[in-house]
There are 2 protein chains.
Amino acid sequence: MNELLGKTEKAIQETATVKTAGGETAGRETGKRETAPEVSGFSLEEIGGLTGKEILIHGSVYKLRRMSGFAFVLLRTGRHVIQCVYSPEFSRFPMEELVEESCVRLRALVAPEERSRLGWELRLLELRVLSVPECPMPIVINQKKVNTSLENLLDFRMLTLRNEKQRAIFKIQEGICQGFCAFLQSQHFTEIHSPKLVEAGAEGGANIFSLDYFGRQAYLAQSPQFYKQMMVGVYERVYEVGPVFRAEKHDTSRHLNEYTGVDFEMGYIESFEEIMEMEERMLQAALTDLRTTCAGELELLKAVLPRFATESREEGPVAVPPQQNQLPMGRIPRIRFAEAKALVAQYYHRPMGEKEDLEPEEENLLCQYIRAHYGSAFVFVTHYPEAKRPFYAMDNPENPAETLSFDLLFRGLEITTGGQRVHGYREQLRKIERRGMHPEEFADYLLMHRHGMPPHGGLGLGLERFTARLLAYENVREASLFPRDIHRLTP
Amino acid sequence: MNELLGKTEKAIQETATVKTAGGETAGRETGKRETAPEVSGFSLEEIGGLTGKEILIHGSVYKLRRMSGFAFVLLRTGRHVIQCVYSPEFSRFPMEELVEESCVRLRALVAPEERSRLGWELRLLELRVLSVPECPMPIVINQKKVNTSLENLLDFRMLTLRNEKQRAIFKIQEGICQGFCAFLQSQHFTEIHSPKLVEAGAEGGANIFSLDYFGRQAYLAQSPQFYKQMMVGVYERVYEVGPVFRAEKHDTSRHLNEYTGVDFEMGYIESFEEIMEMEERMLQAALTDLRTTCAGELELLKAVLPRFATESREEGPVAVPPQQNQLPMGRIPRIRFAEAKALVAQYYHRPMGEKEDLEPEEENLLCQYIRAHYGSAFVFVTHYPEAKRPFYAMDNPENPAETLSFDLLFRGLEITTGGQRVHGYREQLRKIERRGMHPEEFADYLLMHRHGMPPHGGLGLGLERFTARLLAYENVREASLFPRDIHRLTP
């Protein structure tokens with residue numbers, strides 16, 4: 001390193017230290033020259049507002065495009081990719097110092113540039129290299145897309161996530177999740193953290209991971225079901241965002257063995273429809289927030305957000321609503337399970353297979369139908385058969401063969417299961433016995449019912465599935481940060 | 001039920017339904033009589049503002065105190081316990097309908113009452129019983145405290161949490177956690193959800209739960225360490241709140257086998273001290289928020305919050321700061337590990353046992369000393385010996401026997417471990433090999449280093465430990481919603 005560079009480094013370091021020590025963004029006079037503000041964390045608009053000024057910024061060299069006599073440098077910061085220019089005319093360091101995926105600290109001039117999308121670019125003045133990669137990337141990550149197989153994309157996840165579009169997916173996922181939480185907070189829900197190591201599964205069946213827990217058998221929670229219900233007795237309304245474990249052997253584009261569950265549960269409901277209304281408002285609130293919090297990422301991914309209410313009628317209601325649908329029409333259409341089955345069979349000339357559940361293809365066709373006839377990307381399917389719902393689901397008093405439950409389908413995929421729960425002790429006891437299950441195995445759970453519970457219900461939403469459908473990825477793995485499936489436990 | 005009650009029920013239901021369907025709090029004219037606002041979710045101040053008016057409210061009958069000719073009824077709502085009065089003079093239902101732990105919907109008059117702490121009380125007018133408990137509580141939960149053993153408190157957790165003080169603990173825990181998150185968001189950290197099923201543990205050692213994952217061995221994550229580091233390469237700054245699993249066989253008041261970890265990791269640091277500064281600001285921000293968001297709960301639990309900066313000097317700096325402490329004095333005092341060991345041994349005339357770690361008793365004594373001499377409830381212990389820190393900890397270039405790491409002690413207990421990480425590929429490889437570990441087992445992790453990482457570091461904070469010390473509970477289990485320890489896997 002030459003002497004000039006050494007001095008430069010020191011100067012950058014000095015101002016940077018001032019910044020971080022005080023946590024302030026303004027520099028201070030060193031007595032030698034004007035110090036520049038550290039703009040890492042600034043929005044693009046804020047940086048653009050400094051046009052004509054020098055700034056300090058750090059990031060990774062995302063892409064280097066050598067031209068004759070100068071170079072375009074794309075700098076990847078925490079949230080943006082910023083166009084910079086290297087030129088011997090103003091850059092006071094050798095171009096060789098710029099290496100893709102190097103981490104650098106820079107002094108730069110915010111210069112107006114009409115040909116740049118932002119109307120400005122950064123002229124690189126001084127450079128401090130913080131780290132240099134050992135070798136070039138095994139996979140190209142700095143093109144518009146990562147052009148590779150899903151397998152490769154996931155095998156090199158810690159690298160491919162550095163791609164601008166790849167990381168935008170999870171910034172949007174964060175935005176969705178925080179939109180959900182902010183809405184639930186506004187509705188007086190309390191956030192809880194329930195244990196993932198449990199003595200018994202809530203969903204039953206074989207789809208549960210087991211492990212040795214100091215000499216006895218424990219399981220990984222398939223949902224926070226029992227705990228969120230217990231907490232309804234404490235706070236009336238609760239929610240949790242946390243990992244959910246399902247030992248399902250399905251190897252499909254829609255299954256993960258570990259995913260992020262957004263669960264809520266609410267007491268003092270008069271009808272299970274209140275749960276659907278709450279979800280609808282939650283979705284609407286989160287998507288509205290998202291347009292602001294993740295505007296850049298949504299644009300980058302060309303995401304088409306679903307619209308609600310009259311906005312959703314872009315394509316107009318084409319046909320007459322099916323007369324058999326007795327439920328009042330919300331902003332998200334609602335259809336009973338039995339009617340949904342019949343409608344799909346009839347409209348698409350398709351034999352009804354499985355009687356008590358919707359097959360993936362039926363979910364898909366139903367969504368197509370609803371989209372075409374109601375202009376909605378969502379549809380609630382209600383009143384699922386008793387036989388296919390867990391023992392805590394409340395039966396419909398008017399028809400005990402069905403439950404006061406629902407699924408929410410979004411663009412062809414089930415993203416939510418919810419419903420009202422049994423809150424009466426004797427009723428729950430009877431239902432457990434009727435199913436040939438053993439009440440003593442649910443002693444803790446039943447204690448809650450025994451000592452008074454309000455009518456209540458709730459739902460669970462799969463964050464990865466919702467994100468995948470929102471961004472139109474066919475495979476849910478694309479919206480899972482580090483997916484876990486029957487074949488994949490790494491990275 | 002008599003006819004009057006039947007009518008009452010219907011009227012309550014009507015207004016209540018109007019409320020929930022529209023999500024609005026204002027009632028509407030039924031044409032029969034003035035409807036009352038549904039105030040569930042209102043603050044106490046908001047309800048008090050309706051003095052002289054009728055309201056609708058729901059909740060549990062927390063406590064019933066029969067007097068001659070009337071009764072005091074404590075109603076437990078989602079967040080409050082509200083004094084109500086039953087009297088045949090104005091209550092249009094038989095007193096027998098009021099049963100403790102019944103869930104009820106009420107029409108009541110907000111009446112001024114000087115003898116009430118709030119200046120008002122609710123006169124019960126009409127009642128609808130939503131559920132009745134099967135039998136009385138097995139444990140008294142409606143006294144000021146739940147007077148029982150810790151064992152019982154936890155065995156009946158789903159019931160004892162209904163106690164006003166018990167549930168306040170976890171409302172405060174929620175407040176702390178959301179304060180942390182809000183602060184980290186303001187500092188441009190991105191929230192992530194990393195997998196809990198992993199192929200290898202980050203912390204190494206035997207303290208890890210293992211399980212069968214479709215025919216191969218998987219582990220439960222001991223921390224999100226590897227993932228948050230990988231994500232620093234993507235977003236620069238990330239955080240996660242999630243379960244952490246430790247198969248430790250310790251049976252102490254400070255250990256849990258599953259707890260809620262608050263983890264953050266930040267890139268582009270110039271020194272590991274920036275991590276401590278960030279934590280200090282995070283703690284201060286969260287505690288400041290808490291005074292507002294959980295004022296009622298803090299008062300109820302008579303919580304004494306630690307103060308920062310000059311405020312923390314309530315007791316005044318008694319002695320001269322130890323001259324051997326070379327680190328600059330922040331608002332939270334900092335002391336090097338070796339000096340902390342020596343200080344405790346000298347000041348408390350105590351033999352130094354274990355050389356490379358602080359024993360619990362030493363942590364306790366050090367906190368006592370710092371409290372007495374600096375008026376601080378917190379102390380950072382820095383530069384832990386290399387031998388006791390994980391393979392990813394960065395060694396101090398000035399003394400490779402110690403690391404650029406720290407613990408944060410709070411009122412006698414370690415609540416955080418953090419430090420700078422190795423970011424260079426060759427350096428990390430050498431450290432793995434030096435420890436006799438196998439680089440090929442960390443291939444995914446090392447890929448990140450290989451392809452460029454900024455200098456970075458971070459920390460993990462135990463949410464239950466922090467809550468316990470904040471509220472002065474000796475046993476961390478009291479601040480764990482459903483604790484998991486070597487003996488306890490239920491409820």
# chains A, B, ... in the order shown; residues from 1 in each chain; ligands from 1
$ select_by_dssp --residues "range 350-461 of chain B" --states "strand (DSSP E or B)" --output "ChimeraX atom specification"
/B:378-382,385,393,395-396,399-403,405-410,413-421,456-461
$ write_last_selection --atoms "N, CA, C and O atoms" --output "short mmCIF file (atom, residue, chain, number, x, y, z; two decimals), in the first residue's frame"
data_model
loop_
_atom_site.label_atom_id
_atom_site.label_comp_id
_atom_site.auth_asym_id
_atom_site.auth_seq_id
_atom_site.Cartn_x
_atom_site.Cartn_y
_atom_site.Cartn_z
N PHE B 378 -25.72 -3.24 35.91
CA PHE B 378 -25.10 -4.00 34.82
C PHE B 378 -23.59 -3.88 34.88
O PHE B 378 -23.06 -2.87 35.33
N VAL B 379 -22.91 -4.88 34.37
CA VAL B 379 -21.47 -4.75 34.13
C VAL B 379 -21.06 -5.65 32.96
O VAL B 379 -21.52 -6.79 32.85
N PHE B 380 -20.28 -5.06 32.06
CA PHE B 380 -19.71 -5.85 30.96
C PHE B 380 -18.38 -6.43 31.42
O PHE B 380 -17.51 -5.69 31.88
N VAL B 381 -18.24 -7.74 31.29
CA VAL B 381 -16.94 -8.39 31.52
C VAL B 381 -16.39 -8.72 30.14
O VAL B 381 -17.08 -9.38 29.35
N THR B 382 -15.20 -8.25 29.86
CA THR B 382 -14.68 -8.37 28.50
C THR B 382 -13.44 -9.26 28.44
O THR B 382 -12.88 -9.63 29.47
N PRO B 385 -11.10 -15.64 28.24
CA PRO B 385 -10.01 -16.49 27.74
C PRO B 385 -10.41 -17.26 26.48
O PRO B 385 -11.56 -17.71 26.36
N ALA B 393 -14.95 -17.38 17.83
CA ALA B 393 -14.63 -16.13 18.54
C ALA B 393 -13.31 -15.57 18.03
O ALA B 393 -12.34 -16.31 17.81
N ASP B 395 -9.80 -13.89 18.32
CA ASP B 395 -8.78 -13.69 19.34
C ASP B 395 -8.34 -12.23 19.36
O ASP B 395 -8.41 -11.53 18.34
N ASN B 396 -7.90 -11.81 20.51
CA ASN B 396 -7.35 -10.47 20.64
C ASN B 396 -5.98 -10.45 19.98
O ASN B 396 -5.09 -11.18 20.40
N ASN B 399 -3.23 -10.17 22.35
CA ASN B 399 -3.01 -11.25 23.31
C ASN B 399 -3.91 -12.43 22.94
O ASN B 399 -5.06 -12.51 23.36
N PRO B 400 -3.36 -13.34 22.12
CA PRO B 400 -4.18 -14.43 21.56
C PRO B 400 -4.73 -15.37 22.63
O PRO B 400 -5.56 -16.22 22.30
N ALA B 401 -4.32 -15.23 23.87
CA ALA B 401 -4.89 -16.08 24.92
C ALA B 401 -6.29 -15.60 25.30
O ALA B 401 -7.01 -16.28 26.01
N GLU B 402 -6.63 -14.41 24.85
CA GLU B 402 -7.98 -13.91 25.16
C GLU B 402 -8.70 -13.52 23.88
O GLU B 402 -8.10 -13.36 22.83
N THR B 403 -10.01 -13.39 23.99
CA THR B 403 -10.84 -13.11 22.81
C THR B 403 -11.48 -11.73 22.92
O THR B 403 -11.60 -11.17 24.00
N SER B 405 -14.33 -10.58 23.25
CA SER B 405 -15.66 -11.06 23.61
C SER B 405 -16.10 -10.46 24.93
O SER B 405 -15.31 -9.81 25.62
N PHE B 406 -17.34 -10.67 25.26
CA PHE B 406 -17.85 -10.13 26.52
C PHE B 406 -19.06 -10.91 27.00
O PHE B 406 -19.72 -11.61 26.23
N ASP B 407 -19.31 -10.80 28.28
CA ASP B 407 -20.59 -11.21 28.86
C ASP B 407 -21.19 -9.95 29.47
O ASP B 407 -20.46 -9.04 29.88
N LEU B 408 -22.50 -9.90 29.51
CA LEU B 408 -23.15 -8.83 30.26
C LEU B 408 -23.79 -9.46 31.49
O LEU B 408 -24.57 -10.40 31.39
N LEU B 409 -23.38 -8.97 32.65
CA LEU B 409 -23.98 -9.44 33.90
C LEU B 409 -25.01 -8.42 34.36
O LEU B 409 -24.80 -7.21 34.22
N PHE B 410 -26.10 -8.91 34.90
CA PHE B 410 -27.18 -8.03 35.35
C PHE B 410 -27.69 -8.56 36.69
O PHE B 410 -28.18 -9.67 36.76
N LEU B 413 -26.31 -12.01 37.49
CA LEU B 413 -26.48 -13.12 36.55
C LEU B 413 -26.02 -12.74 35.15
O LEU B 413 -26.28 -11.64 34.68
N GLU B 414 -25.37 -13.70 34.47
CA GLU B 414 -25.00 -13.50 33.08
C GLU B 414 -26.26 -13.57 32.23
O GLU B 414 -26.99 -14.56 32.26
N ILE B 415 -26.52 -12.50 31.48
CA ILE B 415 -27.71 -12.52 30.62
C ILE B 415 -27.36 -12.48 29.14
O ILE B 415 -28.20 -12.74 28.29
N THR B 416 -26.11 -12.17 28.83
CA THR B 416 -25.69 -12.06 27.43
C THR B 416 -24.28 -12.57 27.25
O THR B 416 -23.42 -12.34 28.10
N THR B 417 -24.05 -13.26 26.14
CA THR B 417 -22.70 -13.57 25.71
C THR B 417 -22.56 -13.03 24.30
O THR B 417 -23.45 -13.20 23.47
N GLY B 418 -21.46 -12.36 24.04
CA GLY B 418 -21.28 -11.80 22.71
C GLY B 418 -19.83 -11.59 22.38
O GLY B 418 -18.95 -11.91 23.18
N GLY B 419 -19.59 -11.07 21.20
CA GLY B 419 -18.22 -10.80 20.82
C GLY B 419 -18.03 -10.68 19.33
O GLY B 419 -18.99 -10.86 18.56
N GLN B 420 -16.81 -10.38 18.96
CA GLN B 420 -16.48 -10.33 17.54
C GLN B 420 -16.18 -11.73 17.05
O GLN B 420 -15.70 -12.58 17.81
N ARG B 421 -16.50 -12.00 15.77
CA ARG B 421 -16.27 -13.32 15.18
C ARG B 421 -15.10 -13.25 14.21
O ARG B 421 -14.81 -12.19 13.65
N HIS B 456 -17.35 -8.58 11.80
CA HIS B 456 -18.68 -8.59 12.39
C HIS B 456 -18.69 -9.24 13.75
O HIS B 456 -17.73 -9.91 14.14
N GLY B 457 -19.77 -9.05 14.44
CA GLY B 457 -19.94 -9.67 15.75
C GLY B 457 -21.37 -9.49 16.21
O GLY B 457 -22.17 -8.83 15.54
N GLY B 458 -21.67 -10.08 17.33
CA GLY B 458 -23.04 -9.99 17.80
C GLY B 458 -23.17 -10.62 19.17
O GLY B 458 -22.17 -10.86 19.86
N LEU B 459 -24.39 -10.90 19.54
CA LEU B 459 -24.62 -11.43 20.88
C LEU B 459 -25.93 -12.19 20.95
O LEU B 459 -26.76 -12.13 20.05
N GLY B 460 -26.06 -12.92 22.03
CA GLY B 460 -27.32 -13.59 22.33
C GLY B 460 -27.72 -13.24 23.76
O GLY B 460 -26.87 -13.23 24.67
N LEU B 461 -28.98 -12.91 23.93
CA LEU B 461 -29.50 -12.55 25.25
C LEU B 461 -30.63 -13.50 25.61
O LEU B 461 -31.49 -13.81 24.77
#
$ residues_around --residues "Glu134 in chain B" --least-positions-apart "4" --cutoff "7 Å" --atoms "only C-alpha atoms" --output "ChimeraX atom specification"
/A:425,450-451
$ interface_residues --of "chain A" --to "chain B" --cutoff "6 Å" --atoms "only C-alpha atoms" --output "JSON, numbers by chain"
{"A": [78, 101, 102, 103, 132, 133, 134, 158, 162, 211, 230, 234, 235, 236, 444, 450, 451, 452, 454, 491]}
$ residues_around --residues "range 352-354 of chain A" --least-positions-apart "5" --cutoff "12 Å" --atoms "only C-alpha atoms" --output "list in words"
Ala338, Glu339, Ala340, Lys341, Ala342, Leu343, Val344, Ala345, Gln346, Tyr347, Glu359, Pro360, Glu361, Glu362, Pro385 and Lys388 of chain A
$ residues_around --residues "Arg107 in chain A" --least-positions-apart "4" --cutoff "9 Å" --atoms "only C-alpha atoms" --output "VMD selection string"
chain A and resid 12 36 54 to 58 123 to 128
$ decode --residues "range 206-225 of chain A" --atoms "C-alpha atoms" --output "tab-separated table (two decimals), in the first residue's frame"
chain	number	residue	atom	x	y	z
A	206	ALA	CA	-47.38	-39.95	12.94
A	207	ASN	CA	-46.18	-36.64	11.51
A	208	ILE	CA	-44.21	-35.70	14.57
A	209	PHE	CA	-40.49	-35.64	15.33
A	210	SER	CA	-39.52	-37.38	18.54
A	211	LEU	CA	-36.35	-37.20	20.58
A	212	ASP	CA	-34.80	-38.33	23.80
A	213	TYR	CA	-35.24	-35.79	26.57
A	214	PHE	CA	-33.11	-36.83	29.52
A	215	GLY	CA	-34.26	-40.41	29.30
A	216	ARG	CA	-37.84	-39.91	28.27
A	217	GLN	CA	-39.53	-39.26	24.99
A	218	ALA	CA	-40.30	-35.72	23.89
A	219	TYR	CA	-41.70	-34.33	20.67
A	220	LEU	CA	-41.23	-31.22	18.60
A	221	ALA	CA	-44.37	-29.10	18.62
A	222	GLN	CA	-46.50	-29.43	15.48
A	223	SER	CA	-48.14	-26.15	16.42
A	224	PRO	CA	-48.55	-23.94	19.48
A	225	GLN	CA	-52.20	-25.07	19.58
